[in-house]
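Visitor: One structure follows; several queries about it will come next.
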Amino acid sequence: MQRTFHIGFYFIFKILIFNIFIFSSARAQLTFVELNCENLFDTHHDIGKNDMEFTPEGVRHWTKSRYWHKLNSIGQEILSCSKELPDLVALCEVENDTVLHDLTRRSLLRTLGYHYLMTESSDPRGIDVALLYQPVRFRPLCYEYIEVPLVKEMTPTRDILYVSGLTKDFDTLHVFVVHAPSRRNGEKASRPYRMQVMQTLSERIAEFGKANVIVAGDFNDYADSQPLRFLEQQGLTNATKTLRGSNGVGGTYRYQGEWRSLDHILLSPSLTSRMDTAYINDASFLLEEDPRYGGLRPRRTFNGYRYQYGGFSDHLPLVMKLCVE
């Protein structure tokens with residue numbers, strides 16, 4: 001309890017500082033964060049969705065107490081990404097409008113003025129993607145859910161979220177948030193599903209020519225995979241391809257003791273030269289000892305079906321800062 005109290009006090013203080021900063025700053029920089037939240041579900045069953053495990057009666061015993069702790073943990077994780085308040089935050093594995101409302105209006109982020117847009121996909125579990133944004137830094141013009149056409153044996157997946165908006169320093173930004181199908185049943189067997197997402201994405205990006213485009217999310221693929229190489233062949237640059245964290249982690253995700261990145265941020269040529277810095281947020285409180293393989297791993301909410309109080313996510317956040325040329 002004592003440690004929790006000190007963490008909460010620190011972040012309340014940080015929120016107050018951010019409020020002063022955001023309304024007084026004329027910074028010519030944009031801070032973008034990407035984070036897979038690891039199953040940010042509310043506690044209620046949505047009819048037609050396979051989400052019963054995230055209810056109080058489900059196998060994960062997902063109670064209101066655990067839910068609210070998770071919301072504040074995600075808020076804390078976002079705030080730890082940068083000294084400046086992130087302008088845009090791409091989120092994966094968020095269930096519905098309820099969790100986004102609670103995250104932006106009732107958690108640690110409640111005084112910071114974040115607005116959000118999210119998809120309403122046909123994903124069987126009901127998970128979606130979202131974009132948080134600061135209205136004083138990014139003003140949406142339009143948004144769209146881009147449905148991914150199914151190929152043989154492919155189940156419905158998350159829609160791609162597309163948001164176009166105005167910024168003071170970067171003119172119009174076109175932002176795409178992606179959560180590609182998992183590697184369930186093996187990487188090779190599931191690769192066509194992720195390639196279908198990339199093909200759908202590239203067709204839309206091609207419509208914008210030399211415009212400012214950011215693509216971010218959980219691709220469920222590494223930088224050297226066929227789907228990511230395909231996007232680079234379409235002219236995008238994987239700006240987070242070789243990132244490491246300050247605590248030495250070599251990716252956003254750790255599998256069987258190996259750090260690699262499933263999360264990526266890609267930029268159009270018009271933005272590549274504007275990238276000031278990028279890094280993995282591997283703050284020490286987001287990590288824990290890995291008892292099986294040694295070293296560190298993300299401090300996740302669940303280890304299997306075992307709840308871990310004080311956990312955040314099984315992914316670490318990506319942070320990228322763009323500056324004016």
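Each chain of the structure tokens is named A, B, ... in the order shown, its residues numbered from 1; ligands are numbered from 1 in display order.
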Find the residues around A:Ile127 up to 8 Å (only C-alpha atoms counted), leave out those fewer than 2 positions away in its own chain, and share them as a ChimeraX atom specification.

Guide: /A:39,93-96,121,123-125,129,158

Visitor: Write the residues of the selection above to a file with C-alpha atoms, as a compact mmCIF listing (two decimals), in the first residue's frame.

Guide:
# COMPACT_ATOMS: atom_id res chain seq x y z
CA ASN A 39 -6.64 -7.28 -22.97
CA GLU A 93 -6.43 -4.67 -27.47
CA VAL A 94 -9.10 -2.32 -26.15
CA GLU A 95 -12.59 -3.78 -25.94
CA ASN A 96 -15.12 -1.02 -26.47
CA SER A 121 -14.81 -4.57 -35.53
CA ASP A 123 -13.35 -9.58 -34.06
CA PRO A 124 -14.78 -12.65 -32.27
CA ARG A 125 -13.41 -11.56 -28.88
CA VAL A 129 -7.88 -0.45 -31.77
CA ARG A 158 -9.72 -6.07 -36.20

Visitor: Near A:Thr277, counting only C-alpha atoms, which residues have an atom at most 12 Å away, once you skip same-chain residues fewer than 6 positions from it, shown as an MDAnalysis selection string?

Guide: chainID A and resid 29:32 82 239:240 243:244 318:323

Visitor: Kindly export the residues of the current selection with C-alpha atoms, as a PDB file, in the first residue's frame.

Guide:
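Done, and the output landed in out_8.pdb:
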ATOM      1  CA  GLN A  29       7.342  18.727 -31.919  1.00  0.00           C
ATOM      2  CA  LEU A  30       4.866  15.874 -31.949  1.00  0.00           C
ATOM      3  CA  THR A  31       5.105  12.912 -29.573  1.00  0.00           C
ATOM      4  CA  PHE A  32       3.535   9.646 -30.732  1.00  0.00           C
ATOM      5  CA  SER A  82       7.842  11.063 -22.303  1.00  0.00           C
ATOM      6  CA  ALA A 239      11.175   3.976 -37.912  1.00  0.00           C
ATOM      7  CA  THR A 240      11.331   1.619 -34.916  1.00  0.00           C
ATOM      8  CA  LEU A 243      15.210   0.277 -31.279  1.00  0.00           C
ATOM      9  CA  ARG A 244      16.392  -0.655 -27.825  1.00  0.00           C
ATOM     10  CA  LEU A 318       7.018   2.553 -28.503  1.00  0.00           C
ATOM     11  CA  VAL A 319       7.723   6.297 -28.417  1.00  0.00           C
ATOM     12  CA  MET A 320       8.543   8.484 -31.417  1.00  0.00           C
ATOM     13  CA  LYS A 321       9.064  12.236 -31.622  1.00  0.00           C
ATOM     14  CA  LEU A 322       8.760  14.226 -34.812  1.00  0.00           C
ATOM     15  CA  CYS A 323      10.141  17.721 -35.208  1.00  0.00           C
TER      16      CYS A 323
END

Visitor: Can you tell me, as a compact mmCIF listing (two decimals) with C-alpha atoms, in the first residue's frame, what residues are no more than 10 Å from A:Ile265 when counting only C-alpha atoms, ignoring any on the same chain fewer than 6 positions away?

Guide:
# COMPACT_ATOMS: atom_id res chain seq x y z
CA PHE A 32 3.54 9.65 -30.73
CA VAL A 33 3.12 6.53 -28.56
CA GLU A 34 2.04 3.01 -29.52
CA ALA A 90 -2.25 4.35 -30.70
CA PHE A 176 -3.49 4.25 -39.39
CA VAL A 177 -3.73 2.00 -36.33
CA ILE A 214 1.96 7.27 -39.80
CA VAL A 215 1.18 3.56 -39.46
CA ALA A 216 1.39 2.08 -35.97
CA GLY A 217 0.25 -0.92 -34.01
CA ASP A 218 0.81 -4.56 -33.16
CA PHE A 219 1.64 -6.34 -36.41
CA LEU A 236 7.23 3.26 -45.88
CA THR A 237 10.14 3.35 -43.43
CA ASN A 238 10.03 1.24 -40.29
CA ALA A 239 11.17 3.98 -37.91
CA THR A 240 11.33 1.62 -34.92
CA LYS A 241 13.15 -1.24 -36.62
CA ALA A 278 12.46 7.07 -31.06
CA LEU A 318 7.02 2.55 -28.50
CA VAL A 319 7.72 6.30 -28.42
CA MET A 320 8.54 8.48 -31.42

Visitor: Using only C-alpha atoms, which protein or nucleic acid residues come within 9 Å of stretch 66-69 of chain A? Drop anything in the same chain fewer than 3 positions from it, and give the result as a ChimeraX atom specification.

Guide: /A:40-43,61-63,72-74,102-103,107,307,309-310

Visitor: Using C-alpha atoms, can you export the residues from the last selection as a PDB file, in the first residue's frame?

Guide:
ATOM      1  CA  LEU A  40      -8.162  -4.029 -21.732  1.00  0.00           C
ATOM      2  CA  PHE A  41     -11.663  -5.450 -21.181  1.00  0.00           C
ATOM      3  CA  ASP A  42     -14.481  -4.178 -19.021  1.00  0.00           C
ATOM      4  CA  THR A  43     -16.221  -6.643 -16.665  1.00  0.00           C
ATOM      5  CA  HIS A  61     -12.171 -13.562 -12.328  1.00  0.00           C
ATOM      6  CA  TRP A  62     -12.061 -10.109 -13.907  1.00  0.00           C
ATOM      7  CA  THR A  63     -13.556  -7.928 -11.161  1.00  0.00           C
ATOM      8  CA  ASN A  72      -4.791   3.361 -13.940  1.00  0.00           C
ATOM      9  CA  SER A  73      -1.821   1.156 -14.800  1.00  0.00           C
ATOM     10  CA  ILE A  74      -2.272   1.873 -18.518  1.00  0.00           C
ATOM     11  CA  ASP A 102     -13.179   5.221 -18.442  1.00  0.00           C
ATOM     12  CA  LEU A 103      -9.527   5.494 -19.456  1.00  0.00           C
ATOM     13  CA  SER A 107      -8.533   7.119 -14.675  1.00  0.00           C
ATOM     14  CA  TYR A 307      -3.576 -12.527 -12.188  1.00  0.00           C
ATOM     15  CA  TYR A 309      -1.438  -7.343  -9.109  1.00  0.00           C
ATOM     16  CA  GLY A 310       0.620  -4.373 -10.238  1.00  0.00           C
TER      17      GLY A 310
END

Visitor: Taking only C-alpha atoms into account, name the residue in A:Tyr145, A:Tyr193, A:Phe312, A:Tyr222 that is nearest to A:Leu71.

Guide: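 Checking each candidate against A:Leu71, we get A:Phe312 as the closest.
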
Visitor: DSSP on the backbone, helix (DSSP H, G or I) only: what residues of stretch 43-209 of chain A does that give? Format it as a ChimeraX atom specification.

Guide: /A:52-54,64-79,97-105,187-208

Visitor: Convert the current residue selection to file output with N, CA and C atoms, as a short mmCIF file (atom, residue, chain, number, x, y, z; two decimals), in the first residue's frame.

Guide:
data_model
loop_
_atom_site.label_atom_id
_atom_site.label_comp_id
_atom_site.auth_asym_id
_atom_site.auth_seq_id
_atom_site.Cartn_x
_atom_site.Cartn_y
_atom_site.Cartn_z
N MET A 52 -16.37 -13.91 -22.19
CA MET A 52 -16.81 -14.34 -20.87
C MET A 52 -15.66 -14.53 -19.88
N GLU A 53 -14.46 -14.83 -20.39
CA GLU A 53 -13.34 -15.00 -19.47
C GLU A 53 -13.02 -13.71 -18.72
N PHE A 54 -13.35 -12.55 -19.31
CA PHE A 54 -13.11 -11.28 -18.65
C PHE A 54 -14.40 -10.75 -18.01
N LYS A 64 -14.32 -5.64 -10.88
CA LYS A 64 -14.24 -4.20 -11.05
C LYS A 64 -12.95 -3.65 -10.46
N SER A 65 -12.52 -4.20 -9.34
CA SER A 65 -11.28 -3.75 -8.72
C SER A 65 -10.09 -3.97 -9.65
N ARG A 66 -10.02 -5.15 -10.24
CA ARG A 66 -8.93 -5.44 -11.18
C ARG A 66 -9.02 -4.55 -12.42
N TYR A 67 -10.23 -4.32 -12.89
CA TYR A 67 -10.45 -3.48 -14.07
C TYR A 67 -9.95 -2.06 -13.83
N TRP A 68 -10.34 -1.46 -12.70
CA TRP A 68 -9.93 -0.08 -12.44
C TRP A 68 -8.44 0.03 -12.18
N HIS A 69 -7.87 -1.01 -11.58
CA HIS A 69 -6.41 -0.99 -11.40
C HIS A 69 -5.71 -1.05 -12.75
N LYS A 70 -6.27 -1.85 -13.66
CA LYS A 70 -5.70 -1.95 -15.00
C LYS A 70 -5.75 -0.61 -15.72
N LEU A 71 -6.89 0.09 -15.65
CA LEU A 71 -7.02 1.39 -16.30
C LEU A 71 -5.96 2.36 -15.80
N ASN A 72 -5.78 2.43 -14.48
CA ASN A 72 -4.79 3.36 -13.94
C ASN A 72 -3.37 2.94 -14.29
N SER A 73 -3.15 1.63 -14.40
CA SER A 73 -1.82 1.16 -14.80
C SER A 73 -1.50 1.57 -16.23
N ILE A 74 -2.48 1.45 -17.13
CA ILE A 74 -2.27 1.87 -18.52
C ILE A 74 -2.04 3.38 -18.57
N GLY A 75 -2.81 4.14 -17.79
CA GLY A 75 -2.59 5.58 -17.73
C GLY A 75 -1.20 5.92 -17.24
N GLN A 76 -0.75 5.24 -16.22
CA GLN A 76 0.60 5.45 -15.69
C GLN A 76 1.66 5.12 -16.73
N GLU A 77 1.43 4.04 -17.47
CA GLU A 77 2.38 3.63 -18.50
C GLU A 77 2.49 4.68 -19.60
N ILE A 78 1.36 5.23 -20.02
CA ILE A 78 1.36 6.27 -21.06
C ILE A 78 2.10 7.51 -20.58
N LEU A 79 1.83 7.92 -19.35
CA LEU A 79 2.47 9.13 -18.82
C LEU A 79 3.98 8.97 -18.65
N ASP A 97 -16.14 1.16 -26.31
CA ASP A 97 -16.22 2.57 -25.94
C ASP A 97 -16.19 2.77 -24.44
N THR A 98 -16.73 1.83 -23.69
CA THR A 98 -16.75 1.95 -22.23
C THR A 98 -15.34 2.08 -21.66
N VAL A 99 -14.43 1.21 -22.10
CA VAL A 99 -13.08 1.24 -21.54
C VAL A 99 -12.33 2.50 -21.97
N LEU A 100 -12.60 2.99 -23.19
CA LEU A 100 -11.93 4.22 -23.62
C LEU A 100 -12.47 5.42 -22.86
N HIS A 101 -13.78 5.44 -22.61
CA HIS A 101 -14.36 6.52 -21.81
C HIS A 101 -13.78 6.50 -20.40
N ASP A 102 -13.72 5.32 -19.80
CA ASP A 102 -13.18 5.22 -18.44
C ASP A 102 -11.70 5.58 -18.39
N LEU A 103 -10.95 5.18 -19.42
CA LEU A 103 -9.53 5.49 -19.46
C LEU A 103 -9.29 6.99 -19.56
N THR A 104 -10.04 7.66 -20.41
CA THR A 104 -9.79 9.09 -20.66
C THR A 104 -10.52 10.01 -19.70
N ARG A 105 -11.59 9.52 -19.06
CA ARG A 105 -12.41 10.40 -18.22
C ARG A 105 -12.43 10.03 -16.74
N GLU A 187 3.28 -19.43 -37.47
CA GLU A 187 3.57 -18.22 -38.25
C GLU A 187 3.26 -18.42 -39.72
N LYS A 188 3.68 -19.56 -40.28
CA LYS A 188 3.52 -19.78 -41.71
C LYS A 188 2.05 -19.92 -42.09
N ALA A 189 1.30 -20.67 -41.28
CA ALA A 189 -0.12 -20.89 -41.59
C ALA A 189 -0.93 -19.62 -41.49
N SER A 190 -0.54 -18.72 -40.56
CA SER A 190 -1.31 -17.49 -40.35
C SER A 190 -0.78 -16.30 -41.14
N ARG A 191 0.35 -16.46 -41.81
CA ARG A 191 0.95 -15.35 -42.55
C ARG A 191 0.03 -14.75 -43.63
N PRO A 192 -0.71 -15.56 -44.38
CA PRO A 192 -1.60 -14.97 -45.39
C PRO A 192 -2.62 -13.99 -44.80
N TYR A 193 -3.03 -14.21 -43.55
CA TYR A 193 -4.00 -13.32 -42.93
C TYR A 193 -3.37 -11.95 -42.66
N ARG A 194 -2.14 -11.97 -42.20
CA ARG A 194 -1.46 -10.70 -41.94
C ARG A 194 -1.08 -10.01 -43.25
N MET A 195 -0.74 -10.80 -44.27
CA MET A 195 -0.47 -10.20 -45.57
C MET A 195 -1.72 -9.53 -46.13
N GLN A 196 -2.88 -10.10 -45.86
CA GLN A 196 -4.13 -9.50 -46.33
C GLN A 196 -4.35 -8.14 -45.66
N VAL A 197 -4.00 -8.03 -44.40
CA VAL A 197 -4.09 -6.74 -43.70
C VAL A 197 -3.15 -5.73 -44.34
N MET A 198 -1.91 -6.15 -44.62
CA MET A 198 -0.94 -5.24 -45.21
C MET A 198 -1.34 -4.80 -46.61
N GLN A 199 -1.93 -5.72 -47.37
CA GLN A 199 -2.38 -5.37 -48.72
C GLN A 199 -3.51 -4.35 -48.65
N THR A 200 -4.45 -4.57 -47.76
CA THR A 200 -5.56 -3.63 -47.58
C THR A 200 -5.04 -2.27 -47.15
N LEU A 201 -4.10 -2.28 -46.24
CA LEU A 201 -3.51 -1.03 -45.75
C LEU A 201 -2.77 -0.29 -46.86
N SER A 202 -1.96 -1.00 -47.62
CA SER A 202 -1.15 -0.34 -48.66
C SER A 202 -2.02 0.26 -49.75
N GLU A 203 -3.14 -0.37 -50.06
CA GLU A 203 -4.04 0.18 -51.08
C GLU A 203 -4.61 1.52 -50.64
N ARG A 204 -4.91 1.66 -49.37
CA ARG A 204 -5.42 2.94 -48.88
C ARG A 204 -4.33 4.00 -48.82
N ILE A 205 -3.14 3.60 -48.37
CA ILE A 205 -2.04 4.56 -48.27
C ILE A 205 -1.67 5.11 -49.64
N ALA A 206 -1.76 4.26 -50.67
CA ALA A 206 -1.42 4.68 -52.03
C ALA A 206 -2.28 5.84 -52.51
N GLU A 207 -3.47 6.00 -51.93
CA GLU A 207 -4.36 7.08 -52.33
C GLU A 207 -3.84 8.46 -51.94
N PHE A 208 -2.90 8.51 -50.98
CA PHE A 208 -2.47 9.79 -50.43
C PHE A 208 -1.18 10.33 -51.02
#

Visitor: Kindly give the distance, in Å, that separates atom CA of A:Lys210 and atom CA of A:Leu231, rounded to a single decimal.

Guide: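 We find that atom CA of A:Lys210 and atom CA of A:Leu231 lie 15.3 Å from each other.
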
Visitor: Mind checking DSSP for stretch 73-313 of chain A and telling me the strand (DSSP E) residues as a ChimeraX atom specification?

Guide: /A:88-94,115-118,128-133,139-146,160-167,171-179,212-218,237-238,253-255,258-260,263-267,275-280,287-289,296-298,302-303,306-307

Visitor: Pick out the closest residue to A:Leu132 from this set: A:Leu35, A:Ser80, A:Val59, A:His264. Count only C-alpha atoms.

Guide: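 Of the candidates, the smallest distance to A:Leu132 is held by A:Leu35.
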
Visitor: Which one is closest to A:Asp171: A:Ala211, A:Met275, A:Val151, A:Leu262? Count only C-alpha atoms.

Guide: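 Among the listed residues, the smallest separation from A:Asp171 belongs to A:Ala211.
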
Visitor: Which residues are close to A:Val163, i.e. within 8 Å by only C-alpha atoms, leaving aside same-chain residues fewer than 5 positions away? Reply as a PyMOL selection string.

Guide: chain A and resi 140-144+174-176

Visitor: Using only C-alpha atoms, can you tell me which of A:Ala223, A:Leu85, A:Cys92, A:Leu166 comes closest to A:Pro181?

Guide: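 Once distances to A:Pro181 are computed over only C-alpha atoms, the minimum belongs to A:Cys92.
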
Visitor: Show which residues sit within 8 Å of A:Gly294, as number ranges by chain. Count only C-alpha atoms, and ignore same-chain residues fewer than 4 positions away.

Guide: A: 257, 289-290

Visitor: Rank A:Ala180, A:Val249, A:Ile146, A:Leu316 by their smallest atom-to-atom distance to A:Pro227, using only C-alpha atoms, and report the top residue only.

Guide: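 For A:Pro227, the nearest of the given residues is A:Ala180.
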